[in-house]
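Colleague: Below is the file data.cif, with mmCIF, C-alpha atoms.
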```
data_input
loop_
_atom_site.label_atom_id
_atom_site.label_comp_id
_atom_site.auth_asym_id
_atom_site.auth_seq_id
_atom_site.Cartn_x
_atom_site.Cartn_y
_atom_site.Cartn_z
CA MET A 1 0.00 0.00 0.00
CA PRO A 2 1.64 3.24 -1.09
CA ILE A 3 1.61 6.01 1.49
CA LYS A 4 2.10 9.74 0.99
CA CYS A 5 2.60 12.21 3.81
CA ILE A 6 1.49 15.74 3.04
CA ASP A 7 1.63 18.24 5.89
CA ASP A 8 -0.02 16.37 8.80
CA TYR A 9 -2.01 14.02 6.56
CA GLU A 10 -1.09 10.41 5.87
CA ILE A 11 -2.67 9.30 2.61
CA ASP A 12 -2.94 5.58 1.93
CA TYR A 13 -3.91 4.64 -1.60
CA THR A 14 -3.93 1.23 -3.15
CA ALA A 15 -5.18 -1.00 -5.94
CA GLU A 16 -6.95 -4.27 -5.23
CA PRO A 17 -8.30 -6.90 -7.62
CA LEU A 18 -12.09 -6.95 -7.82
CA GLU A 19 -13.83 -10.20 -7.06
CA GLY A 20 -15.37 -12.05 -9.97
CA CYS A 21 -13.65 -10.17 -12.80
CA ASP A 22 -10.27 -9.13 -14.17
CA ALA A 23 -10.68 -5.45 -13.22
CA TRP A 24 -9.00 -3.59 -10.38
CA GLY A 25 -10.41 -1.22 -7.76
CA ALA A 26 -8.78 1.97 -6.50
CA TYR A 27 -9.00 2.63 -2.74
CA VAL A 28 -8.12 5.60 -0.51
CA ALA A 29 -7.87 6.22 3.25
CA ILE A 30 -6.66 9.42 4.95
CA PHE A 31 -5.35 9.82 8.50
CA THR A 32 -4.21 12.65 10.77
CA PRO A 33 -2.17 12.51 14.00
CA SER A 34 -4.00 11.97 17.27
CA ASP A 35 -3.11 12.93 20.83
CA ASN A 36 -1.80 9.39 21.30
CA PRO A 37 1.41 8.98 19.28
CA MET A 38 0.63 5.27 18.80
CA HIS A 39 -2.60 5.98 16.87
CA MET A 40 -3.86 8.01 13.95
CA ASN A 41 -7.29 9.57 13.43
CA ASN A 42 -8.96 8.00 10.41
CA ILE A 43 -10.67 11.05 8.91
CA TYR A 44 -11.47 9.34 5.59
CA PRO A 45 -12.04 5.60 6.07
CA LYS A 46 -10.85 3.32 3.26
CA ARG A 47 -13.24 3.60 0.34
CA ARG A 48 -13.28 2.58 -3.26
CA VAL A 49 -12.82 5.55 -5.58
CA ALA A 50 -13.23 5.77 -9.36
CA ALA A 51 -15.88 3.03 -9.05
CA ASP A 52 -17.51 4.17 -12.29
CA ARG A 53 -14.40 3.32 -14.30
CA VAL A 54 -13.07 -0.04 -15.46
CA LEU A 55 -9.45 -0.22 -14.35
CA ALA A 56 -7.60 -2.87 -16.31
CA SER A 57 -4.38 -3.09 -14.31
CA GLU A 58 -2.97 -2.64 -10.85
CA ALA A 59 -0.78 0.27 -11.99
CA ILE A 60 -3.71 2.14 -13.54
CA ALA A 61 -5.85 1.59 -10.45
CA GLU A 62 -3.06 2.83 -8.20
CA GLN A 63 -2.66 5.98 -10.32
CA GLU A 64 -6.41 6.62 -10.14
CA ALA A 65 -6.35 6.12 -6.37
CA GLU A 66 -3.51 8.63 -6.01
CA LYS A 67 -5.33 11.22 -8.17
CA ALA A 68 -8.55 10.72 -6.21
CA ALA A 69 -6.67 10.99 -2.90
CA MET A 70 -5.27 14.40 -3.87
CA ALA A 71 -8.76 15.64 -4.79
CA ILE A 72 -10.23 14.28 -1.54
CA LEU A 73 -7.46 15.93 0.48
CA GLU A 74 -8.15 19.24 -1.25
CA GLN A 75 -11.84 18.95 -0.27
CA LEU A 76 -10.97 18.07 3.32
CA ARG A 77 -8.67 21.07 3.60
CA ALA A 78 -11.39 23.37 2.23
CA SER A 79 -13.96 22.33 4.82
#
```
Step by step, read the file and then write its structure as structure tokens.

Modeller:
Amino acid sequence: MPIKCIDDYEIDYTAEPLEGCDAWGAYVAIFTPSDNPMHMNNIYPKRRVAADRVLASEAIAEQEAEKAAMAILEQLRAS
């Protein structure tokens, strides 16, 4: 699972094979630090993104997950 750290956000994005077909799903989760240094606050629980697109490979799905993660982070920062 690739991880990006931007400011105080930890962004986890990944590709996973979809059950029953040859397509891949793109998934994103976003965390921030908590008061306890052993834990992170999960502010965006792991969700499938780009679900309306057929992603033919792991690499493509991972790229889509990373793009979606940046857009989600931008929205979180704005609110």

Colleague: Can you tell me which residues surround region 50-63 of chain A at a distance of at most 10 Å, considering all atoms listed in the file, apart from same-chain residues fewer than 3 positions away, and format the answer as a list of chain:residue names?

Modeller: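 Surrounding residues, per the criterion: A:Met1, A:Pro2, A:Tyr13, A:Thr14, A:Ala15, A:Glu16, A:Pro17, A:Leu18, A:Asp22, A:Ala23, A:Trp24, A:Gly25, A:Ala26, A:Tyr27, A:Val28, A:Arg47, A:Glu66, A:Lys67, A:Ala68, A:Ala69.
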
Colleague: As JSON, what would the box around region 41-50 of chain A look like: edges along x, y and z, 8 Å added on every side, centre and edge lengths in Å to one decimal?

Modeller:
```
{"center_x": -10.3, "center_y": 6.8, "center_z": 2.0, "size_x": 22.0, "size_y": 24.5, "size_z": 38.8}
```

Colleague: Expand the PyMOL selection byres ((chain A and resi 7) around 12) into the individual residues it matches in the shown file, reporting them as a list in words.

Modeller: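 On the file shown, the PyMOL selection byres ((chain A and resi 7) around 12) covers Lys4, Cys5, Ile6, Asp8, Tyr9, Glu10, Ile11, Phe31, Thr32, Pro33, Leu73 and Arg77 of chain A.
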
Colleague: Go through A:Asp12, A:Met40, A:Asp35, A:Glu19 and flag the residue nearest Met70 (chain A), using only C-alpha atoms for the distances.

Modeller: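 Counting only C-alpha atoms, the residue closest to Met70 (chain A) is A:Asp12.
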
Colleague: Please compute the CA of Ala71 (chain A)-CA of Ser34 (chain A) distance, one decimal, in Å.

Modeller: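 We find that CA of Ala71 (chain A) and CA of Ser34 (chain A) lie 22.9 Å from each other.
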
Colleague: For the atom pair CA of Val49 (chain A) and CA of Ile30 (chain A), what is the interatomic distance in Å to one decimal place?

Modeller: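 CA of Val49 (chain A) sits 12.8 Å away from CA of Ile30 (chain A).
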
Colleague: If I only want chain A, can you write it with C-alpha atoms, as a PDB file, in the first residue's frame?

Modeller:
```pdb
ATOM      1  CA  MET A   1       0.000   0.000   0.000  1.00  0.00           C
ATOM      2  CA  PRO A   2       1.636   3.244  -1.090  1.00  0.00           C
ATOM      3  CA  ILE A   3       1.609   6.010   1.494  1.00  0.00           C
ATOM      4  CA  LYS A   4       2.102   9.741   0.993  1.00  0.00           C
ATOM      5  CA  CYS A   5       2.600  12.213   3.810  1.00  0.00           C
ATOM      6  CA  ILE A   6       1.487  15.742   3.038  1.00  0.00           C
ATOM      7  CA  ASP A   7       1.628  18.237   5.893  1.00  0.00           C
ATOM      8  CA  ASP A   8      -0.019  16.371   8.801  1.00  0.00           C
ATOM      9  CA  TYR A   9      -2.007  14.021   6.557  1.00  0.00           C
ATOM     10  CA  GLU A  10      -1.091  10.415   5.866  1.00  0.00           C
ATOM     11  CA  ILE A  11      -2.668   9.303   2.610  1.00  0.00           C
ATOM     12  CA  ASP A  12      -2.938   5.583   1.934  1.00  0.00           C
ATOM     13  CA  TYR A  13      -3.906   4.643  -1.600  1.00  0.00           C
ATOM     14  CA  THR A  14      -3.934   1.234  -3.148  1.00  0.00           C
ATOM     15  CA  ALA A  15      -5.183  -0.999  -5.942  1.00  0.00           C
ATOM     16  CA  GLU A  16      -6.953  -4.265  -5.225  1.00  0.00           C
ATOM     17  CA  PRO A  17      -8.298  -6.902  -7.620  1.00  0.00           C
ATOM     18  CA  LEU A  18     -12.087  -6.946  -7.816  1.00  0.00           C
ATOM     19  CA  GLU A  19     -13.829 -10.195  -7.063  1.00  0.00           C
ATOM     20  CA  GLY A  20     -15.373 -12.048  -9.972  1.00  0.00           C
ATOM     21  CA  CYS A  21     -13.654 -10.165 -12.802  1.00  0.00           C
ATOM     22  CA  ASP A  22     -10.270  -9.131 -14.172  1.00  0.00           C
ATOM     23  CA  ALA A  23     -10.676  -5.454 -13.222  1.00  0.00           C
ATOM     24  CA  TRP A  24      -8.996  -3.590 -10.384  1.00  0.00           C
ATOM     25  CA  GLY A  25     -10.408  -1.224  -7.765  1.00  0.00           C
ATOM     26  CA  ALA A  26      -8.784   1.970  -6.502  1.00  0.00           C
ATOM     27  CA  TYR A  27      -9.003   2.632  -2.736  1.00  0.00           C
ATOM     28  CA  VAL A  28      -8.120   5.599  -0.513  1.00  0.00           C
ATOM     29  CA  ALA A  29      -7.869   6.218   3.254  1.00  0.00           C
ATOM     30  CA  ILE A  30      -6.658   9.418   4.951  1.00  0.00           C
ATOM     31  CA  PHE A  31      -5.345   9.818   8.498  1.00  0.00           C
ATOM     32  CA  THR A  32      -4.208  12.651  10.773  1.00  0.00           C
ATOM     33  CA  PRO A  33      -2.171  12.513  13.999  1.00  0.00           C
ATOM     34  CA  SER A  34      -4.000  11.973  17.272  1.00  0.00           C
ATOM     35  CA  ASP A  35      -3.112  12.929  20.833  1.00  0.00           C
ATOM     36  CA  ASN A  36      -1.804   9.394  21.298  1.00  0.00           C
ATOM     37  CA  PRO A  37       1.410   8.978  19.282  1.00  0.00           C
ATOM     38  CA  MET A  38       0.630   5.265  18.800  1.00  0.00           C
ATOM     39  CA  HIS A  39      -2.596   5.978  16.870  1.00  0.00           C
ATOM     40  CA  MET A  40      -3.862   8.014  13.955  1.00  0.00           C
ATOM     41  CA  ASN A  41      -7.288   9.571  13.431  1.00  0.00           C
ATOM     42  CA  ASN A  42      -8.961   8.004  10.407  1.00  0.00           C
ATOM     43  CA  ILE A  43     -10.674  11.049   8.906  1.00  0.00           C
ATOM     44  CA  TYR A  44     -11.467   9.341   5.595  1.00  0.00           C
ATOM     45  CA  PRO A  45     -12.044   5.603   6.067  1.00  0.00           C
ATOM     46  CA  LYS A  46     -10.851   3.317   3.261  1.00  0.00           C
ATOM     47  CA  ARG A  47     -13.240   3.601   0.336  1.00  0.00           C
ATOM     48  CA  ARG A  48     -13.279   2.583  -3.256  1.00  0.00           C
ATOM     49  CA  VAL A  49     -12.825   5.551  -5.578  1.00  0.00           C
ATOM     50  CA  ALA A  50     -13.234   5.768  -9.361  1.00  0.00           C
ATOM     51  CA  ALA A  51     -15.876   3.033  -9.051  1.00  0.00           C
ATOM     52  CA  ASP A  52     -17.514   4.165 -12.290  1.00  0.00           C
ATOM     53  CA  ARG A  53     -14.396   3.316 -14.303  1.00  0.00           C
ATOM     54  CA  VAL A  54     -13.065  -0.044 -15.463  1.00  0.00           C
ATOM     55  CA  LEU A  55      -9.446  -0.221 -14.354  1.00  0.00           C
ATOM     56  CA  ALA A  56      -7.595  -2.872 -16.313  1.00  0.00           C
ATOM     57  CA  SER A  57      -4.379  -3.091 -14.311  1.00  0.00           C
ATOM     58  CA  GLU A  58      -2.965  -2.637 -10.848  1.00  0.00           C
ATOM     59  CA  ALA A  59      -0.780   0.267 -11.988  1.00  0.00           C
ATOM     60  CA  ILE A  60      -3.707   2.143 -13.544  1.00  0.00           C
ATOM     61  CA  ALA A  61      -5.853   1.587 -10.449  1.00  0.00           C
ATOM     62  CA  GLU A  62      -3.057   2.830  -8.197  1.00  0.00           C
ATOM     63  CA  GLN A  63      -2.657   5.975 -10.319  1.00  0.00           C
ATOM     64  CA  GLU A  64      -6.408   6.623 -10.137  1.00  0.00           C
ATOM     65  CA  ALA A  65      -6.353   6.124  -6.370  1.00  0.00           C
ATOM     66  CA  GLU A  66      -3.510   8.633  -6.011  1.00  0.00           C
ATOM     67  CA  LYS A  67      -5.332  11.221  -8.168  1.00  0.00           C
ATOM     68  CA  ALA A  68      -8.550  10.723  -6.208  1.00  0.00           C
ATOM     69  CA  ALA A  69      -6.671  10.991  -2.905  1.00  0.00           C
ATOM     70  CA  MET A  70      -5.272  14.399  -3.871  1.00  0.00           C
ATOM     71  CA  ALA A  71      -8.765  15.642  -4.793  1.00  0.00           C
ATOM     72  CA  ILE A  72     -10.230  14.276  -1.537  1.00  0.00           C
ATOM     73  CA  LEU A  73      -7.457  15.931   0.476  1.00  0.00           C
ATOM     74  CA  GLU A  74      -8.151  19.241  -1.247  1.00  0.00           C
ATOM     75  CA  GLN A  75     -11.835  18.950  -0.273  1.00  0.00           C
ATOM     76  CA  LEU A  76     -10.972  18.066   3.323  1.00  0.00           C
ATOM     77  CA  ARG A  77      -8.674  21.068   3.603  1.00  0.00           C
ATOM     78  CA  ALA A  78     -11.386  23.371   2.225  1.00  0.00           C
ATOM     79  CA  SER A  79     -13.963  22.327   4.821  1.00  0.00           C
TER      80      SER A  79
END
```
